[in-house]
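Participant: Could you have a look at this structure, given as structure tokens, before my questions?
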Amino acid sequence: MSPIVPNFRKASREAVRNSQVIAAVRKTANLLSGMMALAVANTPDFEALRNYGRTRKLEISGDLEKYAQSFAANAQAAGAVVHRAKDAAEAARLAIKIAADNGAKTAVKGKSMTAEEVELNEALEAAGVTVTETDLGEFIIQLANEKPSHIMAPAIHRSRAQVAELFTDRLGTPPDLSVEALVAAARKELREKFLAADMGITGGNFAIADTGAIVLLSNEGNIRMATTLPRIQLAVVGIDKIIPEMADMPKFLALLARSAAGQTISSYLSIVTGPRRAGEEEGPEQLHIILLDNGRSRIAKGPYREILHCLHCGACLSHCPVYRAVGGHAYQAVYPGPMGSVLSPLISGLEIYADLPNACTLCGRCAEVCPVCVPLPDYLRDLRSDVNKPPLMMKMAAFGAHTPSLYRLGMIAMRQMLKKGVKGLMAPALKEWTVCREPPEPQAGESFRDWWKTRSHGQ
Amino acid sequence: MILNQYLAKAQGVGVHVELLSLSDLNRRLAALVGELKAKSVALPLIGWPEPLLRTVKTEVEKCGSATVSPRRRMDGGYEWNRPALGSANLGITFCGAFIAETGSLAFPSGPGLGTLASLLPETHLALSCAKDCRPDLGGYLAEFGADIPSRLTFVTGPSRTGDIEASMTTCVHGPGRVLHWIITGDFS
Amino acid sequence: MNMPTTRRVSLFLTCGADALYPSVGRASVRVLESYGVDVDFPEEQTCCGQPWLNTGDAKSARIMALHFLKVFERSEAIVAPSSSCVDTVRNRYWPLFKGEPKLQDRFRKLASKTYEICEYMHRILDIPGLPPHPEPARTTYHSSCRTLRGIGLRGVAENYLKQMLGDHFVPLPDADACCGFGGSFSVKFPEVSGKMMEDKLGNIVLTGASTVAALDMSCLTHLSAGARRQNLGRLRFVHLAELMMEALEGKTR
């Protein structure tokens, strides 16, 4: 839909200069990672929990379709209408049809990256449905006409002052409001939308196969509103969110809540099983669930299967030194950061996001904090084999580098070149190197090999 | 033991939690309603131990506050008068299960068991019996077996957000203040 | 009486020290020898292949791995002054040979006897302490990502530094953050790499240190080149082995 061709080099070059954004990103990323560390430290069996998460997820991703069918059958039995969407376009069409069939003109929406993947808001708006984002972060970026820059903290790139300015501009609030006053203004603005909306749209943090339940976490209460007040509820859920049993849920919840925001549980946990039942005074008359595939079945069969284990907690983003240096928008993808640099190319195409697997120093922090042990750096390294075409110079260098005589000549040549100025094949790499650095400086004096030779002869 | 764990957890997430005897309830309710200058109080009527509901309803009305409750429909179900509910300053609900492991209040749905009274007003008071404390979430969920209600809501502290500069702020969409009074002793 | 058998070690110099830092190789040899280790230097050795491995050229990386195996397979132990090269040999070689169990087995054996020099001193030679440095300078330590998360060495280098330098050792704030080098990353996204480097150099300046030690010369190549660009004055960037040699021999350079 967007004509922009993603270019991480260009976007990141601009991003690192935006000190205001980077300062805001860092402040929040530091707080989030600090809170996670504390919560993990207070959980004595966290490593065991992580292992459980990974093992259980391996069972699931090994048989995704079985669990999807089981979930669909049980959700239908509970009275939900389950739709399967093979791709984003089909999911958007289904959502439009659900709204049209029920005459829904207004919708309140909870934060959902899956809906972002589907570009659901754009699709519904084009079909005449007014969608209001109700998660405070999402509400802010919707007012600013931006995309989320973090999967858990979508407005991480905006400072309080910027939000205050935005609210004054778009909602007419007095200038320079405090955080508390901004929150109160959003409460007032959104309360009316909740009460009037025809449709509530959410994602789903977990979908439970054995009961057909959707599990939703929220701290603000917007999810409770959206799943309780409107007469139609739509949940857009990736098939990777399915877990086998209700008994699995508390453990995955423990992993997710700690990793996402350093909590043992979110302020609100909503377990939604079908629509309102006879005699109940709340809940939607209809519950529609769109189960989105969009490449997930394909990914499950390939070498990057464990990326589907991701709980979308955002810990890898908050801990990633590259993410912290450039912010989320530089990735120009729905999913930024380490998990996004794996998932975005796999969902949208390697050729579109060929930069992203390379946009990583392989520092390993993401794997260290991932609550389900997704081998993110290994995947990013392996994905480079799929996206990179080794330049001729590197091919030649490989030949030289495993031939001792050529290698030794190469080392001598390198020392000479760095001392006297770089020309020829090495020049382009050095040009990039010297964007922020001086050329490497070889030590003066004899080489190690010469020293070793004289030394052994002397002995 | 688990009650102590619950108290610590709930305090940790910002719930104003305390143990009360039934005889203290009237005085405390009067004080709360007075402090909030609550003109109207949202009060669901189903699922309560009878003496507790009677005490609450009588005391609130004695304080001069109106109570808003779901109406019985012709079909036997219930429904809220939403504008009236929306203007309530305080929601008082019975909470039949609370979880020590996480410090959470559990609200399963059912006819007359709506959760809006714990969501829309800025202050939410939950009343429980001490015996209803459960050790953990998994055990509580297992109590339902295959018979899960349409909505099962867990409330752990006030409505909060960190979406602006990760600065923790309460009272976003739900209540900014959650009180949990656990009634000790036998009052059946 | 049982005489302890002499330990024998093959030095893997690494291409970085080969091309740029002969002093790191010399220090490694002298430190090991001062503890009675018999050091040899297989001259056919080249590079571990990391640049190819980390840019996704698995085919070339395999060729490099096979050459490394040929050179070092018969060694009793292999010691290198670089965590990232050790991480490569230990953790990255064998997965390149999935489906070739015999070869993979040989690579696993190779992996089990390859050490970073600081790690070797701590885990194998079991050196509990080092003598004080003769001319201690205010020094900080960059704990590289591959030291921490690649070979899992935490606190060991810092302890040795404390023993040699006492209060002259100053820990680096935000120590476990990446310096922004990342191999090909440093030239693919030099602006981002530069931003991360600035942060790391900023923290180094905060410590007031005049010497920066690490177990990875690749990070230090990047940081020292950046420090020169930023005119940060005379910062000395050294491998820990160089400071160890100075302490053990009682003289600087």
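If you're wondering about the labels, chains in the structure tokens are A, B, ... by order shown, residues count from 1 in each chain, ligands from 1 in order shown.
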So that I can see what lies close to range 9-21 of chain A, please list as a ChimeraX atom specification the residues with an atom at most 9 Å from it, counting only C-alpha atoms and leaving out residues fewer than 4 positions away in the same chain.
Facilitator: /A:25-26,156-159,325-327,329-332,355,359 /C:188-192,195
Participant: Could you dump the residues just selected with N, CA and C atoms as a CSV table (one decimal), in the first residue's frame?
Facilitator:
chain,number,residue,atom,x,y,z
A,25,VAL,N,13.1,7.7,23.5
A,25,VAL,CA,13.1,6.2,23.3
A,25,VAL,C,14.0,5.6,24.4
A,26,ARG,N,15.1,6.2,24.7
A,26,ARG,CA,16.0,5.7,25.7
A,26,ARG,C,15.5,5.7,27.1
A,156,ILE,N,6.5,5.6,22.3
A,156,ILE,CA,7.8,5.7,23.0
A,156,ILE,C,8.7,6.9,22.5
A,157,HIS,N,8.5,7.2,21.2
A,157,HIS,CA,9.3,8.2,20.6
A,157,HIS,C,8.9,9.7,20.9
A,158,ARG,N,7.7,9.8,21.6
A,158,ARG,CA,7.2,11.2,21.9
A,158,ARG,C,7.4,11.6,23.3
A,159,SER,N,7.9,12.8,23.5
A,159,SER,CA,8.0,13.3,24.9
A,159,SER,C,6.7,13.8,25.4
A,325,ALA,N,19.4,3.2,19.5
A,325,ALA,CA,20.1,4.3,18.8
A,325,ALA,C,19.2,4.9,17.7
A,326,VAL,N,18.3,4.2,17.2
A,326,VAL,CA,17.5,4.7,16.0
A,326,VAL,C,16.0,4.8,16.2
A,327,GLY,N,15.5,4.2,17.3
A,327,GLY,CA,14.0,4.2,17.5
A,327,GLY,C,13.3,3.3,16.5
A,329,HIS,N,10.8,3.8,14.2
A,329,HIS,CA,10.4,4.2,12.8
A,329,HIS,C,11.4,3.9,11.8
A,330,ALA,N,12.7,3.9,12.2
A,330,ALA,CA,13.7,3.7,11.2
A,330,ALA,C,13.7,2.3,10.5
A,331,TYR,N,13.0,1.4,11.2
A,331,TYR,CA,12.9,0.1,10.6
A,331,TYR,C,11.9,0.0,9.5
A,332,GLN,N,11.0,1.0,9.4
A,332,GLN,CA,10.0,1.2,8.4
A,332,GLN,C,9.2,-0.1,8.2
A,355,ASP,N,17.6,-5.2,4.3
A,355,ASP,CA,18.5,-4.4,5.2
A,355,ASP,C,18.4,-4.9,6.7
A,359,ALA,N,20.9,-5.2,10.2
A,359,ALA,CA,20.9,-4.0,11.1
A,359,ALA,C,21.0,-4.5,12.5
C,188,LYS,N,28.3,-1.1,7.1
C,188,LYS,CA,27.0,-1.1,6.4
C,188,LYS,C,26.1,0.1,7.0
C,189,PHE,N,26.2,0.3,8.3
C,189,PHE,CA,25.4,1.4,8.9
C,189,PHE,C,26.3,2.2,9.8
C,190,PRO,N,27.3,2.9,9.1
C,190,PRO,CA,28.3,3.6,9.9
C,190,PRO,C,27.7,4.7,10.8
C,191,GLU,N,26.6,5.3,10.4
C,191,GLU,CA,26.0,6.4,11.2
C,191,GLU,C,25.5,5.8,12.5
C,192,VAL,N,24.8,4.6,12.5
C,192,VAL,CA,24.3,4.0,13.7
C,192,VAL,C,25.5,3.5,14.5
C,195,LYS,N,27.0,6.3,16.3
C,195,LYS,CA,26.2,6.8,17.4
C,195,LYS,C,26.4,5.9,18.6
Participant: Enumerate as a ChimeraX atom specification the residues belonging to chain A that approach chain B to within 6 Å, with only C-alpha atoms taken into account.
Facilitator: /A:28,137,160,183,187,219-222,250,267-274,279-281
Participant: In Å, how far is it from CA of Ala257 in chain A to CA of Cys373 in chain A?
Facilitator: 15.7 Å
Participant: Select all residues from chain A having any atom no more than 7 Å from an atom of chain C (counting only C-alpha atoms, ignoring ligands), output as a PyMOL selection string.
Facilitator: chain A and resi 9+12-13+16+321+325+358-364+381-382+384-385+388+390+398+401-402+404+407+411+414-415+429+432-433+435-443+447-448
Participant: Okay, now the selection with N, CA and C atoms, as a compact mmCIF listing (two decimals), in the first residue's frame?
Facilitator:
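This is the output file selection12.txt:
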# COMPACT_ATOMS: atom_id res chain seq x y z
N ARG A 9 19.42 2.16 5.88
CA ARG A 9 20.59 3.03 5.94
C ARG A 9 20.17 4.50 5.98
N SER A 12 17.95 5.30 9.13
CA SER A 12 18.69 5.28 10.39
C SER A 12 19.65 6.46 10.46
N ARG A 13 20.18 6.84 9.31
CA ARG A 13 21.09 8.00 9.27
C ARG A 13 20.35 9.24 9.79
N VAL A 16 19.35 8.78 13.84
CA VAL A 16 20.35 8.99 14.90
C VAL A 16 20.56 10.48 15.17
N PRO A 321 20.62 -2.48 21.37
CA PRO A 321 21.38 -1.23 21.27
C PRO A 321 21.12 -0.49 19.95
N ALA A 325 19.35 3.22 19.52
CA ALA A 325 20.08 4.29 18.83
C ALA A 325 19.24 4.93 17.72
N ASN A 358 20.66 -7.32 8.56
CA ASN A 358 22.00 -6.78 8.71
C ASN A 358 22.08 -5.66 9.75
N ALA A 359 20.91 -5.16 10.16
CA ALA A 359 20.87 -4.01 11.07
C ALA A 359 21.01 -4.47 12.51
N CYS A 360 22.05 -5.21 12.79
CA CYS A 360 22.22 -5.84 14.09
C CYS A 360 23.70 -6.10 14.28
N THR A 361 24.20 -5.86 15.51
CA THR A 361 25.63 -6.09 15.76
C THR A 361 25.88 -7.49 16.31
N LEU A 362 24.84 -8.31 16.39
CA LEU A 362 24.94 -9.66 16.94
C LEU A 362 25.43 -9.62 18.38
N CYS A 363 24.99 -8.61 19.11
CA CYS A 363 25.49 -8.45 20.49
C CYS A 363 24.88 -9.48 21.44
N GLY A 364 23.71 -10.04 21.06
CA GLY A 364 23.17 -11.16 21.83
C GLY A 364 22.27 -10.79 23.00
N ARG A 381 21.63 -13.82 11.73
CA ARG A 381 22.85 -14.22 11.02
C ARG A 381 22.47 -15.13 9.84
N ASP A 382 21.60 -16.09 10.10
CA ASP A 382 21.20 -17.02 9.03
C ASP A 382 20.43 -16.30 7.92
N ARG A 384 20.93 -13.48 6.86
CA ARG A 384 21.88 -12.77 5.99
C ARG A 384 22.28 -13.65 4.81
N SER A 385 22.36 -14.95 5.04
CA SER A 385 22.66 -15.86 3.93
C SER A 385 21.58 -15.77 2.86
N ASN A 388 21.84 -11.53 1.58
CA ASN A 388 23.07 -10.89 1.10
C ASN A 388 23.65 -11.63 -0.08
N PRO A 390 27.24 -12.07 -1.42
CA PRO A 390 28.59 -11.69 -1.03
C PRO A 390 29.28 -10.95 -2.18
N ALA A 398 38.11 -14.59 0.68
CA ALA A 398 37.95 -15.90 1.31
C ALA A 398 38.94 -16.89 0.73
N ALA A 401 42.23 -15.96 2.16
CA ALA A 401 42.35 -16.08 3.61
C ALA A 401 42.55 -17.50 4.10
N HIS A 402 42.25 -18.49 3.28
CA HIS A 402 42.52 -19.84 3.76
C HIS A 402 43.72 -20.46 3.05
N PRO A 404 47.54 -20.04 3.27
CA PRO A 404 48.47 -19.36 4.17
C PRO A 404 49.42 -18.38 3.48
N TYR A 407 47.44 -15.36 2.44
CA TYR A 407 46.98 -14.66 3.63
C TYR A 407 48.11 -13.80 4.21
N MET A 411 48.17 -9.80 4.69
CA MET A 411 48.39 -9.09 5.95
C MET A 411 49.45 -8.01 5.80
N MET A 414 48.00 -5.24 3.79
CA MET A 414 47.05 -4.47 4.60
C MET A 414 47.78 -3.46 5.48
N ARG A 415 48.85 -3.95 6.13
CA ARG A 415 49.63 -3.05 7.00
C ARG A 415 50.20 -1.89 6.19
N ALA A 429 35.06 0.20 1.32
CA ALA A 429 34.81 -0.16 2.71
C ALA A 429 35.42 0.89 3.64
N GLU A 432 33.27 4.01 4.03
CA GLU A 432 32.19 3.89 5.02
C GLU A 432 32.76 3.89 6.44
N TRP A 433 33.87 3.21 6.62
CA TRP A 433 34.51 3.16 7.94
C TRP A 433 34.80 4.57 8.44
N VAL A 435 33.34 7.29 7.87
CA VAL A 435 32.21 8.20 8.12
C VAL A 435 32.28 8.72 9.56
N CYS A 436 32.67 7.86 10.49
CA CYS A 436 32.68 8.29 11.90
C CYS A 436 34.01 7.98 12.58
N ARG A 437 34.97 7.44 11.83
CA ARG A 437 36.22 7.01 12.46
C ARG A 437 37.40 7.35 11.56
N GLU A 438 38.58 7.41 12.13
CA GLU A 438 39.82 7.46 11.36
C GLU A 438 40.13 6.04 10.88
N PRO A 439 40.98 5.90 9.88
CA PRO A 439 41.35 4.53 9.46
C PRO A 439 42.06 3.81 10.61
N PRO A 440 41.97 2.47 10.63
CA PRO A 440 42.71 1.73 11.67
C PRO A 440 44.20 2.01 11.55
N GLU A 441 44.88 2.00 12.70
CA GLU A 441 46.31 2.34 12.70
C GLU A 441 47.14 1.13 13.08
N PRO A 442 47.88 0.54 12.15
CA PRO A 442 48.72 -0.60 12.53
C PRO A 442 49.86 -0.11 13.45
N GLN A 443 50.22 -0.94 14.43
CA GLN A 443 51.34 -0.58 15.30
C GLN A 443 52.63 -0.50 14.49
N SER A 447 56.37 -7.17 12.64
CA SER A 447 55.13 -7.94 12.78
C SER A 447 55.36 -9.04 13.81
N PHE A 448 54.25 -9.60 14.27
CA PHE A 448 54.36 -10.70 15.22
C PHE A 448 55.13 -11.85 14.61
Participant: Do you have the CA of Lys39 in chain B-CA of Pro121 in chain B distance handy?
Facilitator: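 CA of Pro121 in chain B lies at a distance of 11.8 Å from CA of Lys39 in chain B.
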Participant: From a backbone DSSP assignment, name each residue in chain B labelled helix (DSSP H, G or I), as an MDAnalysis selection string.
Facilitator: chainID B and resid 2:12 22:36 50:62 82:86 116:118 130:132 137:143
Participant: Expressed in Å to a single decimal, how great is the separation between CA of Leu64 in chain A and CA of Asp45 in chain A?
Facilitator: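 Calculated distance between CA of Leu64 in chain A and CA of Asp45 in chain A is 27.9 Å.
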